[in-house]
file upload00.txt (compact mmCIF, C-alpha atoms and all ligand atoms)
# COMPACT_ATOMS: atom_id res chain seq x y z
CA MET K 1185 45.08 79.78 -102.09
CA ILE K 1186 42.04 81.31 -103.80
CA ASP K 1187 40.56 78.15 -105.21
CA LEU K 1188 38.12 80.07 -107.43
CA ALA K 1189 40.77 82.24 -108.90
CA ARG K 1190 43.16 79.99 -110.71
CA ARG K 1191 44.22 82.76 -113.10
CA LEU K 1192 44.70 85.52 -110.58
CA PRO K 1193 48.43 85.60 -109.77
CA PRO K 1194 48.83 85.39 -105.98
CA SER K 1195 51.62 87.97 -106.01
CA ALA K 1196 49.02 90.60 -106.98
CA PHE K 1197 45.61 89.21 -106.01
CA GLY K 1198 44.56 87.93 -102.63
CA VAL K 1199 41.73 87.85 -100.13
CA VAL K 1200 41.30 90.47 -97.42
CA ASP K 1201 38.37 90.08 -94.99
CA GLY K 1202 36.72 87.54 -97.27
CA GLN K 1203 36.89 89.84 -100.29
CA LEU K 1204 39.08 89.76 -103.36
CA ALA K 1205 41.80 92.40 -103.22
CA VAL K 1206 44.54 93.58 -105.52
CA GLU K 1207 47.86 94.45 -103.91
CA GLY K 1208 45.96 94.58 -100.61
CA VAL K 1209 43.29 97.01 -101.85
CA ALA K 1210 39.73 95.65 -101.71
CA ILE K 1211 38.25 95.54 -105.21
CA ALA K 1212 34.83 96.36 -103.71
CA HIS K 1213 36.31 99.58 -102.34
CA ILE K 1214 37.62 100.62 -105.77
CA ALA K 1215 34.29 99.65 -107.38
CA ALA K 1216 32.39 101.83 -104.89
CA GLU K 1217 34.52 104.83 -105.89
CA VAL K 1218 34.83 104.25 -109.62
CA GLY K 1219 31.58 102.52 -110.54
CA THR K 1220 31.43 99.38 -112.69
CA PRO K 1221 32.50 98.05 -115.11
CA PHE K 1222 36.19 98.99 -115.12
CA TYR K 1223 39.58 97.52 -115.95
CA LEU K 1224 41.93 97.06 -113.04
CA TYR K 1225 45.70 96.61 -113.41
CA SER K 1226 48.39 95.64 -110.93
CA ALA K 1227 51.63 97.56 -111.44
CA LYS K 1228 53.44 94.98 -109.33
CA ARG K 1229 52.41 92.17 -111.63
CA LEU K 1230 53.31 94.21 -114.73
CA ARG K 1231 56.83 94.67 -113.38
CA GLU K 1232 57.07 91.01 -112.38
CA ASN K 1233 56.05 89.79 -115.84
CA TRP K 1234 58.41 92.26 -117.44
CA ARG K 1235 61.36 91.18 -115.32
CA THR K 1236 60.67 87.45 -115.73
CA LEU K 1237 60.87 87.75 -119.50
CA ALA K 1238 63.54 90.43 -119.73
CA ASP K 1239 65.82 88.63 -117.25
CA ALA K 1240 65.37 85.29 -119.06
CA VAL K 1241 66.51 86.67 -122.41
CA ALA K 1242 69.07 89.20 -121.12
CA PRO K 1243 72.02 86.75 -121.24
CA LEU K 1244 71.33 86.38 -124.98
CA GLY K 1245 71.42 90.15 -125.47
CA VAL K 1246 67.79 90.17 -126.65
CA ALA K 1247 66.10 93.60 -126.72
CA VAL K 1248 62.48 93.56 -125.53
CA HIS K 1249 60.02 95.72 -127.46
CA TYR K 1250 56.64 95.67 -125.71
CA ALA K 1251 53.77 95.20 -128.20
CA MET K 1252 51.63 98.25 -127.45
CA LYS K 1253 48.51 96.79 -129.04
CA ALA K 1254 48.03 94.47 -126.08
CA ASN K 1255 47.49 97.39 -123.72
CA ALA K 1256 48.37 100.97 -124.58
CA ASN K 1257 47.07 102.56 -121.39
CA ARG K 1258 49.24 105.53 -120.46
CA ALA K 1259 50.05 104.35 -116.93
CA VAL K 1260 50.63 100.75 -117.97
CA VAL K 1261 53.11 101.77 -120.67
CA ALA K 1262 54.75 104.23 -118.27
CA VAL K 1263 55.39 101.40 -115.78
CA LEU K 1264 57.04 99.36 -118.53
CA ALA K 1265 58.97 102.34 -119.90
CA ARG K 1266 60.48 102.83 -116.44
CA GLU K 1267 61.55 99.19 -116.47
CA GLY K 1268 63.47 99.95 -119.67
CA ALA K 1269 61.01 98.65 -122.25
CA GLY K 1270 61.25 99.38 -125.94
CA ALA K 1271 58.04 99.29 -128.00
CA ASP K 1272 56.57 97.51 -130.98
CA ILE K 1273 53.99 99.83 -132.54
CA VAL K 1274 51.51 99.36 -135.39
CA SER K 1275 50.14 102.88 -135.83
CA GLY K 1276 50.88 106.56 -135.45
CA GLY K 1277 48.60 106.52 -132.43
CA GLU K 1278 50.75 103.91 -130.73
CA LEU K 1279 53.86 105.92 -131.62
CA THR K 1280 52.36 108.92 -129.83
CA ARG K 1281 51.53 106.77 -126.82
CA ALA K 1282 54.97 105.12 -126.69
CA LEU K 1283 56.77 108.47 -126.82
CA ASP K 1284 54.36 109.96 -124.28
CA ALA K 1285 55.17 107.12 -121.86
CA GLY K 1286 58.86 107.90 -122.16
CA ILE K 1287 60.01 105.11 -124.46
CA PRO K 1288 62.94 106.51 -126.44
CA ALA K 1289 62.42 106.68 -130.22
CA ASN K 1290 65.55 104.61 -130.80
CA ARG K 1291 63.89 101.68 -128.98
CA ILE K 1292 60.73 101.70 -131.08
CA VAL K 1293 60.04 99.37 -134.03
CA PHE K 1294 57.08 99.83 -136.35
CA SER K 1295 55.19 96.76 -137.67
CA GLY K 1296 52.00 96.48 -139.75
CA VAL K 1297 50.84 95.73 -143.29
CA GLY K 1298 49.17 99.07 -144.03
CA LYS K 1299 51.28 101.93 -142.73
CA THR K 1300 50.18 105.27 -144.15
CA ASP K 1301 52.59 107.79 -145.69
CA ALA K 1302 51.97 110.11 -142.75
CA GLU K 1303 52.81 107.36 -140.26
CA ILE K 1304 56.01 106.37 -142.07
CA ALA K 1305 57.05 110.01 -142.43
CA ARG K 1306 56.56 110.66 -138.73
CA ALA K 1307 58.45 107.50 -137.77
CA LEU K 1308 61.37 108.73 -139.89
CA ASP K 1309 61.13 112.24 -138.48
CA VAL K 1310 61.28 111.13 -134.85
CA GLY K 1311 64.04 108.64 -135.66
CA ILE K 1312 62.62 105.31 -134.55
CA ARG K 1313 64.95 102.30 -134.43
CA GLN K 1314 63.50 100.37 -137.34
CA ILE K 1315 60.55 99.96 -139.63
CA ASN K 1316 59.46 96.36 -140.17
CA ALA K 1317 58.34 96.41 -143.81
CA GLU K 1318 55.76 93.83 -144.82
CA SER K 1319 55.93 94.08 -148.64
CA PHE K 1320 58.12 95.19 -151.51
CA GLU K 1321 55.50 97.87 -152.19
CA GLU K 1322 56.01 99.25 -148.68
CA LEU K 1323 59.79 99.15 -149.10
CA ALA K 1324 59.48 101.42 -152.16
CA ARG K 1325 57.18 103.80 -150.26
CA ILE K 1326 59.62 104.02 -147.33
CA ASP K 1327 62.44 104.69 -149.79
CA ALA K 1328 60.58 107.60 -151.38
CA LEU K 1329 59.63 109.15 -148.04
CA ALA K 1330 63.17 108.75 -146.65
CA GLY K 1331 64.63 110.22 -149.84
CA ALA K 1332 62.38 113.27 -149.55
CA ARG K 1333 63.79 113.82 -146.06
CA GLY K 1334 67.40 113.17 -146.95
CA VAL K 1335 67.64 110.25 -144.54
CA VAL K 1336 68.35 106.56 -144.91
CA ALA K 1337 65.64 104.41 -143.30
CA GLU K 1338 66.72 101.36 -141.31
CA VAL K 1339 64.37 98.61 -142.32
CA ALA K 1340 63.81 94.99 -141.37
CA LEU K 1341 61.83 92.81 -143.71
CA ARG K 1342 59.03 90.82 -142.13
CA VAL K 1343 59.11 87.32 -143.52
CA ASN K 1344 56.16 84.96 -143.64
CA PRO K 1345 57.81 81.64 -142.72
CA ASP K 1346 54.74 79.50 -143.51
CA VAL K 1347 54.73 77.96 -140.05
CA ASP K 1348 51.54 76.79 -138.36
CA ALA K 1349 51.52 78.36 -134.89
CA GLY K 1350 48.86 75.92 -133.65
CA THR K 1351 46.79 78.76 -132.22
CA HIS K 1352 43.29 80.15 -132.94
CA ALA K 1353 42.83 80.71 -136.70
CA LYS K 1354 41.91 84.37 -136.13
CA ILE K 1355 45.23 85.13 -134.44
CA THR K 1356 47.64 83.11 -136.55
CA THR K 1357 49.84 85.28 -138.75
CA GLY K 1358 52.72 83.18 -140.09
CA LYS K 1359 50.97 80.94 -142.64
CA ARG K 1360 51.39 81.63 -146.33
CA ASP K 1361 47.72 82.59 -146.74
CA ASN K 1362 47.91 85.24 -143.99
CA LYS K 1363 48.33 88.85 -145.09
CA PHE K 1364 51.49 89.34 -143.03
CA GLY K 1365 55.08 89.51 -144.23
CA ILE K 1366 56.76 88.50 -147.46
CA ASP K 1367 56.85 84.85 -148.50
CA ALA K 1368 60.31 83.50 -147.82
CA ASP K 1369 60.61 82.13 -151.35
CA ARG K 1370 60.02 85.58 -152.85
CA LEU K 1371 63.04 87.05 -151.10
CA ALA K 1372 65.19 86.42 -154.19
CA ARG K 1373 63.66 89.63 -155.56
CA LEU K 1374 65.43 91.57 -152.85
CA ASP K 1375 68.78 91.79 -154.61
CA ASN K 1376 67.31 93.73 -157.53
CA GLU K 1377 64.80 95.70 -155.45
CA LEU K 1378 67.43 97.03 -153.08
CA LYS K 1379 69.73 98.16 -155.90
CA VAL K 1380 67.27 100.89 -156.81
CA LEU K 1381 66.29 101.85 -153.26
CA ALA K 1382 69.10 104.16 -152.19
CA ASN K 1383 67.31 105.51 -149.11
CA VAL K 1384 66.63 102.20 -147.43
CA ARG K 1385 69.17 100.15 -145.49
CA LEU K 1386 68.12 96.55 -144.93
CA VAL K 1387 69.32 95.83 -141.40
CA GLY K 1388 67.67 92.49 -140.81
CA LEU K 1389 64.64 90.25 -140.90
CA ALA K 1390 61.56 90.06 -138.69
CA VAL K 1391 59.00 87.35 -137.99
CA HIS K 1392 55.82 87.03 -135.94
CA ILE K 1393 53.82 83.84 -136.36
CA GLY K 1394 50.78 84.56 -134.19
CA SER K 1395 49.54 85.05 -130.68
CA GLN K 1396 48.75 82.88 -127.61
CA ILE K 1397 51.17 80.13 -128.68
CA LEU K 1398 51.73 77.66 -125.88
CA SER K 1399 54.46 75.38 -127.19
CA THR K 1400 58.01 76.18 -128.22
CA ALA K 1401 57.84 73.98 -131.35
CA PRO K 1402 56.33 76.58 -133.74
CA PHE K 1403 58.78 79.22 -132.49
CA ALA K 1404 61.70 76.86 -132.99
CA ALA K 1405 60.56 76.12 -136.56
CA ALA K 1406 60.10 79.80 -137.39
CA TYR K 1407 63.34 80.94 -135.75
CA ARG K 1408 65.35 78.20 -137.53
CA ARG K 1409 63.84 79.32 -140.81
CA MET K 1410 64.88 82.90 -140.04
CA ALA K 1411 68.40 81.78 -139.18
CA ASP K 1412 68.67 79.97 -142.54
CA LEU K 1413 67.31 82.98 -144.42
CA THR K 1414 69.64 85.36 -142.60
CA ARG K 1415 72.62 83.19 -143.59
CA GLU K 1416 71.39 82.94 -147.19
CA LEU K 1417 70.94 86.69 -147.53
CA ARG K 1418 74.30 87.37 -145.95
CA ALA K 1419 75.90 84.97 -148.43
CA ARG K 1420 74.32 87.05 -151.18
CA GLY K 1421 75.97 90.18 -149.80
CA HIS K 1422 73.28 91.70 -147.56
CA ALA K 1423 74.84 92.98 -144.34
CA LEU K 1424 72.15 91.83 -141.90
CA THR K 1425 72.85 92.74 -138.28
CA ARG K 1426 69.44 92.31 -136.63
CA LEU K 1427 66.73 89.69 -136.21
CA ASP K 1428 63.31 90.51 -134.74
CA LEU K 1429 61.63 87.36 -133.41
CA GLY K 1430 58.17 88.87 -132.75
CA GLY K 1431 55.88 88.01 -129.85
CA GLY K 1432 53.07 85.53 -129.36
CA PHE K 1433 54.13 83.91 -126.07
CA GLY K 1434 51.05 82.23 -124.64
CA ILE K 1435 49.71 82.52 -121.09
CA PRO K 1436 47.27 80.37 -119.08
CA TYR K 1437 43.63 81.40 -119.37
CA ARG K 1438 42.47 78.18 -117.69
CA ALA K 1439 44.41 75.15 -116.46
CA GLU K 1440 46.95 75.04 -119.31
CA ALA K 1441 50.56 75.99 -118.68
CA GLY K 1442 51.86 79.18 -120.26
CA LEU K 1443 55.03 79.33 -122.33
CA ALA K 1444 57.81 79.53 -119.76
CA ALA K 1445 60.28 82.37 -120.23
CA ALA K 1446 63.18 79.96 -119.64
CA ASP K 1447 61.92 77.65 -122.42
CA LEU K 1448 61.58 80.59 -124.77
CA ALA K 1449 65.10 81.73 -123.96
CA GLU K 1450 66.43 78.23 -124.57
CA THR K 1451 64.60 78.07 -127.91
CA ILE K 1452 66.13 81.37 -128.93
CA ARG K 1453 69.58 80.23 -127.84
CA THR K 1454 69.48 76.96 -129.74
CA THR K 1455 67.98 78.34 -132.96
CA VAL K 1456 69.46 81.80 -133.47
CA GLY K 1457 71.85 82.21 -130.55
CA ASP K 1458 74.98 81.81 -132.66
CA LEU K 1459 73.90 83.97 -135.58
CA GLY K 1460 75.88 86.99 -134.48
CA VAL K 1461 73.00 89.45 -134.85
CA GLU K 1462 71.20 91.77 -132.45
CA LEU K 1463 68.08 89.90 -131.38
CA ALA K 1464 64.73 91.38 -130.32
CA ILE K 1465 61.34 90.07 -129.20
CA GLU K 1466 57.91 91.77 -129.17
CA PRO K 1467 55.85 90.39 -126.27
CA GLY K 1468 52.42 91.84 -125.54
CA ARG K 1469 50.04 89.43 -123.85
CA SER K 1470 52.69 87.75 -121.67
CA ILE K 1471 53.51 91.11 -120.05
CA VAL K 1472 50.03 92.49 -119.38
CA GLY K 1473 47.56 89.58 -119.68
CA ASP K 1474 47.34 88.35 -116.09
CA ALA K 1475 48.11 91.78 -114.62
CA GLY K 1476 44.59 92.99 -115.44
CA VAL K 1477 40.98 92.05 -114.76
CA LEU K 1478 37.64 93.47 -115.79
CA VAL K 1479 35.49 94.24 -112.75
CA SER K 1480 31.74 94.04 -113.27
CA ARG K 1481 28.55 93.97 -111.25
CA VAL K 1482 25.73 91.48 -111.63
CA ALA K 1483 22.75 93.38 -113.03
CA PHE K 1484 20.26 90.53 -112.94
CA VAL K 1485 20.13 86.83 -112.33
CA LYS K 1486 17.62 85.75 -114.93
CA ASP K 1487 15.85 82.46 -114.67
CA GLY K 1488 15.70 81.27 -118.25
CA GLY K 1489 14.04 77.92 -117.57
CA ASP K 1490 16.80 75.43 -118.38
CA ILE K 1491 19.48 78.07 -118.17
CA ARG K 1492 20.26 80.54 -115.46
CA PHE K 1493 21.71 83.75 -116.88
CA LEU K 1494 24.10 85.90 -114.94
CA VAL K 1495 23.58 89.26 -116.65
CA LEU K 1496 26.57 91.55 -116.02
CA ASP K 1497 26.93 95.28 -116.53
CA ALA K 1498 30.03 94.56 -118.64
CA ALA K 1499 29.52 93.55 -122.24
CA MET K 1500 31.26 92.42 -125.39
CA ASN K 1501 32.09 96.01 -126.30
CA ASP K 1502 34.19 96.20 -123.11
CA LEU K 1503 35.86 92.78 -123.50
CA MET K 1504 35.58 91.47 -127.03
CA ARG K 1505 37.69 88.31 -126.77
CA PRO K 1506 34.99 85.76 -125.84
CA ALA K 1507 32.69 86.97 -128.64
CA MET K 1508 35.51 87.13 -131.16
CA TYR K 1509 37.57 84.04 -130.36
CA ASP K 1510 35.35 82.03 -127.97
CA SER K 1511 38.11 82.70 -125.48
CA HIS K 1512 37.89 81.67 -121.85
CA HIS K 1513 38.15 84.10 -118.94
CA ASP K 1514 37.70 82.86 -115.40
CA VAL K 1515 34.75 84.52 -113.68
CA VAL K 1516 35.60 85.10 -110.03
CA PRO K 1517 33.19 86.46 -107.39
CA VAL K 1518 34.69 89.33 -105.41
CA ARG K 1519 33.07 88.13 -102.17
CA MET K 1520 34.60 84.74 -101.39
CA PRO K 1521 31.94 82.07 -100.82
CA ALA K 1522 31.92 80.03 -97.64
CA PRO K 1523 33.81 76.75 -97.96
CA GLY K 1524 31.55 74.11 -99.50
CA ALA K 1525 28.96 76.69 -100.60
CA GLU K 1526 26.53 75.48 -103.24
CA ARG K 1527 27.49 76.11 -106.88
CA ILE K 1528 25.30 76.26 -109.96
CA ASP K 1529 25.87 76.62 -113.68
CA TYR K 1530 25.38 80.07 -115.19
CA ASP K 1531 25.57 81.50 -118.68
CA VAL K 1532 27.46 84.72 -118.03
CA VAL K 1533 26.26 87.40 -120.45
CA GLY K 1534 26.27 91.14 -121.02
CA PRO K 1535 23.36 93.47 -121.82
CA ILE K 1536 24.13 93.99 -125.54
CA CYS K 1537 21.63 92.90 -128.17
CA GLU K 1538 23.83 90.19 -129.70
CA SER K 1539 23.85 86.53 -128.72
CA SER K 1540 27.63 86.62 -128.95
CA ASP K 1541 27.57 88.99 -125.97
CA THR K 1542 28.35 85.94 -123.85
CA PHE K 1543 31.38 85.66 -121.58
CA ALA K 1544 30.87 82.04 -120.53
CA ARG K 1545 28.43 79.21 -121.00
CA ARG K 1546 27.41 76.76 -118.29
CA ARG K 1547 30.01 78.09 -115.88
CA SER K 1548 29.90 76.59 -112.41
CA LEU K 1549 29.91 79.42 -109.85
CA PRO K 1550 28.80 79.99 -106.28
CA ILE K 1551 25.29 81.37 -106.03
CA LEU K 1552 25.30 85.06 -106.95
CA ALA K 1553 22.72 87.81 -106.71
CA ALA K 1554 22.08 91.15 -108.41
CA GLY K 1555 24.53 93.71 -107.09
CA ASP K 1556 27.36 91.22 -106.49
CA LEU K 1557 30.74 92.01 -107.98
CA VAL K 1558 32.71 89.61 -110.18
CA VAL K 1559 35.98 89.90 -112.02
CA LEU K 1560 36.75 88.51 -115.45
CA ALA K 1561 40.30 87.32 -115.04
CA THR K 1562 43.27 87.59 -117.41
CA ALA K 1563 41.81 90.64 -119.16
CA GLY K 1564 44.89 92.87 -119.16
CA ALA K 1565 45.80 92.06 -122.76
CA TYR K 1566 43.54 92.90 -125.71
CA GLY K 1567 40.80 94.02 -123.32
CA ALA K 1568 40.66 97.81 -123.06
CA THR K 1569 42.53 98.26 -126.35
CA MET K 1570 39.81 96.41 -128.24
CA ALA K 1571 36.89 98.05 -126.43
CA GLY K 1572 34.30 100.17 -128.23
CA THR K 1573 31.07 102.00 -127.63
CA TYR K 1574 28.54 99.65 -129.29
CA ASN K 1575 24.95 100.18 -128.09
CA ALA K 1576 26.00 103.75 -127.19
CA ARG K 1577 27.77 102.54 -124.09
CA ALA K 1578 30.39 104.44 -122.16
CA LEU K 1579 34.05 103.57 -122.64
CA VAL K 1580 34.98 101.89 -119.38
CA PRO K 1581 37.49 103.38 -116.95
CA GLU K 1582 40.91 101.88 -116.33
CA VAL K 1583 42.38 101.80 -112.82
CA ILE K 1584 45.94 101.03 -111.78
CA VAL K 1585 47.04 99.86 -108.35
CA ASP K 1586 50.55 100.13 -107.02
CA ALA K 1587 51.75 99.42 -103.49
CA GLY K 1588 48.40 99.91 -101.81
CA ARG K 1589 47.32 102.97 -103.80
CA PHE K 1590 44.95 103.13 -106.74
CA ALA K 1591 44.26 105.74 -109.39
CA VAL K 1592 41.85 106.05 -112.29
CA THR K 1593 44.23 106.19 -115.23
CA ARG K 1594 41.46 106.57 -117.82
CA ARG K 1595 38.13 107.91 -116.65
CA ARG K 1596 34.82 106.64 -117.92
CA ILE K 1597 33.93 108.35 -121.21
CA GLU K 1598 30.19 108.84 -120.93
CA VAL K 1599 27.94 109.03 -123.96
CA GLU K 1600 27.36 112.76 -123.43
CA GLU K 1601 31.08 113.29 -123.92
CA GLN K 1602 31.10 110.99 -126.92
CA LEU K 1603 28.40 113.22 -128.45
CA SER K 1604 30.88 116.06 -128.36
CA TRP K 1605 33.11 114.06 -130.71
CA GLU K 1606 30.46 114.43 -133.41
CA THR K 1607 28.60 117.28 -135.10
CA VAL K 1608 25.43 117.53 -137.14
CA PRO K 1609 26.24 119.63 -140.23
CA ASP K 1610 24.06 122.75 -140.30
CA TRP K 1611 23.15 122.06 -143.95
CA LEU K 1612 21.56 118.71 -143.12
C1 LIG Z 1 53.94 92.09 -135.17
C2 LIG Z 1 53.45 91.71 -133.82
N1 LIG Z 1 54.34 91.69 -132.81
C3 LIG Z 1 53.95 91.36 -131.56
C4 LIG Z 1 52.65 91.00 -131.27
C5 LIG Z 1 52.32 90.67 -129.85
O1 LIG Z 1 51.79 89.42 -129.71
P1 LIG Z 1 51.48 88.84 -128.26
O2 LIG Z 1 50.61 89.78 -127.56
O3 LIG Z 1 50.83 87.55 -128.55
O4 LIG Z 1 52.80 88.67 -127.58
C6 LIG Z 1 51.70 90.98 -132.30
C7 LIG Z 1 50.32 90.50 -132.07
O5 LIG Z 1 50.04 89.31 -132.27
C8 LIG Z 1 52.11 91.35 -133.61
O6 LIG Z 1 51.23 91.39 -134.60
N1 LIG Z 2 43.50 90.31 -130.17
C1 LIG Z 2 43.95 88.96 -130.03
C2 LIG Z 2 45.40 88.80 -130.29
C3 LIG Z 2 45.82 89.34 -131.61
C4 LIG Z 2 47.18 89.82 -131.54
C5 LIG Z 2 47.47 90.85 -132.56
N2 LIG Z 2 48.31 90.38 -133.65
C6 LIG Z 2 43.55 88.40 -128.68
O1 LIG Z 2 42.87 89.00 -127.93
O2 LIG Z 2 43.87 87.31 -128.33
call {"tool": "encode", "arguments": {"input": "upload00.txt", "output": "structure tokens"}}
result
Amino acid sequence: MIDLARRLPPSAFGVVDGQLAVEGVAIAHIAAEVGTPFYLYSAKRLRENWRTLADAVAPLGVAVHYAMKANANRAVVAVLAREGAGADIVSGGELTRALDAGIPANRIVFSGVGKTDAEIARALDVGIRQINAESFEELARIDALAGARGVVAEVALRVNPDVDAGTHAKITTGKRDNKFGIDADRLARLDNELKVLANVRLVGLAVHIGSQILSTAPFAAAYRRMADLTRELRARGHALTRLDLGGGFGIPYRAEAGLAAADLAETIRTTVGDLGVELAIEPGRSIVGDAGVLVSRVAFVKDGGDIRFLVLDAAMNDLMRPAMYDSHHDVVPVRMPAPGAERIDYDVVGPICESSDTFARRRSLPILAAGDLVVLATAGAYGATMAGTYNARALVPEVIVDAGRFAVTRRRIEVEEQLSWETVPDWL
């Protein structure tokens, strides 16, 4: 129905009085109160995405651990916690945020190649469900820290299955030359390693091959590999009862189809469904991606001769993905153009002094003027969590809408406040 807004899910985004609205609330109204740029999330869409995935895998008994790195906003995680989400965390900070949102410790798993002693110790102290260890070195460290506490740590071993996920090179994680997990053919070492690690109980294996994967084939290959390895290790006497299948389920950023939850469920069923283990997945992007947009105002329309630049007040520090991965985000004007209105090509850029501060090149859009609002669509995942303060910019606010109400869930952190984070030593 909104022809410009292919990536704005109609259950959350619509047009009211010729203006883009979220859950019936005019985005221009929120922008007038909050100031631009800001992230805007729909609680309704978060719940919808959660239920679509959780319901699809429920018949297989799959636990869903939301990957906090995609969006760790307090209100966003609280919405998911109330839906019954567990969490996949990669830092002590994410542990704090997961617990704060009300996710029970026994539904939290901890991934990551470089966990610190303090992070492991805290995870053990609060009693999380499982640590996903990524190396034999980490296994030994967990053993020592668990021993010092008189507890036995439940650990899954993340395996690198050497599967090409067919995604962007910067977000692939399951190839042998990636830093993640232990090579499957080095698992033979486990038998001896575990003999001397009395404070670690190996409960299962874990895998995560990358992000924004749009076909089931790489998942099927990785999951089959995990099924084989689980059987092999069991045959060697390891009592494995769990298998963590990771996340990575791709969503549409342009015209492509996302990975359907039903297809994922079917892939899980046919590859690991009969393994007799507790299964889990770790979705991030597929839960929050299309539930959020970045709202920005046009600062200038600059005539650059051959190129017309749409200079926004949002920049790469607010939404890093285009600069980092050349990723596509639909740019959608908040005021709907008249049918048949003229369109021209713009390079959509931010104000930062880097050429990579470019959201889109040669993007066909209706004619826009300084002061107009636009949204960058599909920005709910890896948007605010990857934002920074480059060029001494403010950290942008985050706003959540639910059933016709909106609230600023993180306020803008102005540079004056950022100054208070730092001191100048008096001996300098
Ligand atoms: C271990 C782990 N689990 C889950 C995820 C979530 O991935 P996605 O947001 O693509 O679902 C990631 C990020 O790629 C990850 O590194
Ligand atoms: N940050 C990446 C995804 C990486 C996922 C983390 N393992 C993105 O925006 O697409």
call {"tool": "residues_around", "arguments": {"input": "upload00.txt", "residues": "K:Ile1465", "least_positions_apart": "6", "cutoff": "12 Å", "atoms": "all atoms listed in the file", "output": "JSON, numbers by chain"}}
result
{"K": [1237, 1238, 1240, 1241, 1242, 1244, 1245, 1246, 1247, 1248, 1249, 1250, 1251, 1269, 1270, 1271, 1272, 1291, 1292, 1293, 1390, 1391, 1392, 1403, 1407, 1426, 1427, 1428, 1429, 1430, 1431, 1432, 1433, 1445, 1448, 1449, 1452]}
call {"tool": "write_last_selection", "arguments": {"input": "upload00.txt", "atoms": "C-alpha atoms", "output": "mmCIF file, in the coordinates of the input"}}
result
data_model
loop_
_atom_site.group_PDB
_atom_site.id
_atom_site.type_symbol
_atom_site.label_atom_id
_atom_site.label_comp_id
_atom_site.auth_asym_id
_atom_site.auth_seq_id
_atom_site.Cartn_x
_atom_site.Cartn_y
_atom_site.Cartn_z
ATOM 1 C CA LEU K 1237 60.870 87.750 -119.500
ATOM 2 C CA ALA K 1238 63.540 90.430 -119.730
ATOM 3 C CA ALA K 1240 65.370 85.290 -119.060
ATOM 4 C CA VAL K 1241 66.510 86.670 -122.410
ATOM 5 C CA ALA K 1242 69.070 89.200 -121.120
ATOM 6 C CA LEU K 1244 71.330 86.380 -124.980
ATOM 7 C CA GLY K 1245 71.420 90.150 -125.470
ATOM 8 C CA VAL K 1246 67.790 90.170 -126.650
ATOM 9 C CA ALA K 1247 66.100 93.600 -126.720
ATOM 10 C CA VAL K 1248 62.480 93.560 -125.530
ATOM 11 C CA HIS K 1249 60.020 95.720 -127.460
ATOM 12 C CA TYR K 1250 56.640 95.670 -125.710
ATOM 13 C CA ALA K 1251 53.770 95.200 -128.200
ATOM 14 C CA ALA K 1269 61.010 98.650 -122.250
ATOM 15 C CA GLY K 1270 61.250 99.380 -125.940
ATOM 16 C CA ALA K 1271 58.040 99.290 -128.000
ATOM 17 C CA ASP K 1272 56.570 97.510 -130.980
ATOM 18 C CA ARG K 1291 63.890 101.680 -128.980
ATOM 19 C CA ILE K 1292 60.730 101.700 -131.080
ATOM 20 C CA VAL K 1293 60.040 99.370 -134.030
ATOM 21 C CA ALA K 1390 61.560 90.060 -138.690
ATOM 22 C CA VAL K 1391 59.000 87.350 -137.990
ATOM 23 C CA HIS K 1392 55.820 87.030 -135.940
ATOM 24 C CA PHE K 1403 58.780 79.220 -132.490
ATOM 25 C CA TYR K 1407 63.340 80.940 -135.750
ATOM 26 C CA ARG K 1426 69.440 92.310 -136.630
ATOM 27 C CA LEU K 1427 66.730 89.690 -136.210
ATOM 28 C CA ASP K 1428 63.310 90.510 -134.740
ATOM 29 C CA LEU K 1429 61.630 87.360 -133.410
ATOM 30 C CA GLY K 1430 58.170 88.870 -132.750
ATOM 31 C CA GLY K 1431 55.880 88.010 -129.850
ATOM 32 C CA GLY K 1432 53.070 85.530 -129.360
ATOM 33 C CA PHE K 1433 54.130 83.910 -126.070
ATOM 34 C CA ALA K 1445 60.280 82.370 -120.230
ATOM 35 C CA LEU K 1448 61.580 80.590 -124.770
ATOM 36 C CA ALA K 1449 65.100 81.730 -123.960
ATOM 37 C CA ILE K 1452 66.130 81.370 -128.930
#
call {"tool": "residues_near_ligand", "arguments": {"input": "upload00.txt", "ligand": "ligand LIG 2 (chain Z)", "cutoff": "6 Å", "atoms": "only C-alpha atoms and all ligand atoms", "output": "PyMOL selection string"}}
result
chain K and resi 1355+1395+1505+1566
call {"tool": "residues_around", "arguments": {"input": "upload00.txt", "residues": "K:Thr1562", "least_positions_apart": "4", "cutoff": "12 Å", "atoms": "only C-alpha atoms", "output": "NGL selection string"}}
result
:K and (1189-1193 or 1197 or 1223-1226 or 1229 or 1434-1438 or 1469-1479 or 1503 or 1505-1506 or 1511-1516 or 1566-1568)
call {"tool": "atom_distance", "arguments": {"input": "upload00.txt", "atom1": "atom CA of K:Phe1294", "atom2": "atom CA of K:Ala1282"}}
result
11.2 Å
call {"tool": "axis_aligned_box", "arguments": {"input": "upload00.txt", "around": "ligand LIG 1 (chain Z)", "padding_each_side": "3 Å", "output": "lines of an AutoDock Vina configuration file"}}
result
center_x = 52.2
center_y = 89.8
center_z = -131.4
size_x = 10.3
size_y = 10.5
size_z = 13.6
call {"tool": "residues_around", "arguments": {"input": "upload00.txt", "residues": "K:Leu1424", "least_positions_apart": "3", "cutoff": "8 Å", "atoms": "all atoms listed in the file", "output": "JSON list (two decimals) with C-alpha atoms, in the coordinates of the input"}}
result
[["chain", "number", "residue", "atom", "x", "y", "z"],
["K", 1386, "LEU", "CA", 68.12, 96.55, -144.93],
["K", 1387, "VAL", "CA", 69.32, 95.83, -141.40],
["K", 1388, "GLY", "CA", 67.67, 92.49, -140.81],
["K", 1389, "LEU", "CA", 64.64, 90.25, -140.90],
["K", 1414, "THR", "CA", 69.64, 85.36, -142.60],
["K", 1417, "LEU", "CA", 70.94, 86.69, -147.53],
["K", 1418, "ARG", "CA", 74.30, 87.37, -145.95],
["K", 1461, "VAL", "CA", 73.00, 89.45, -134.85]]
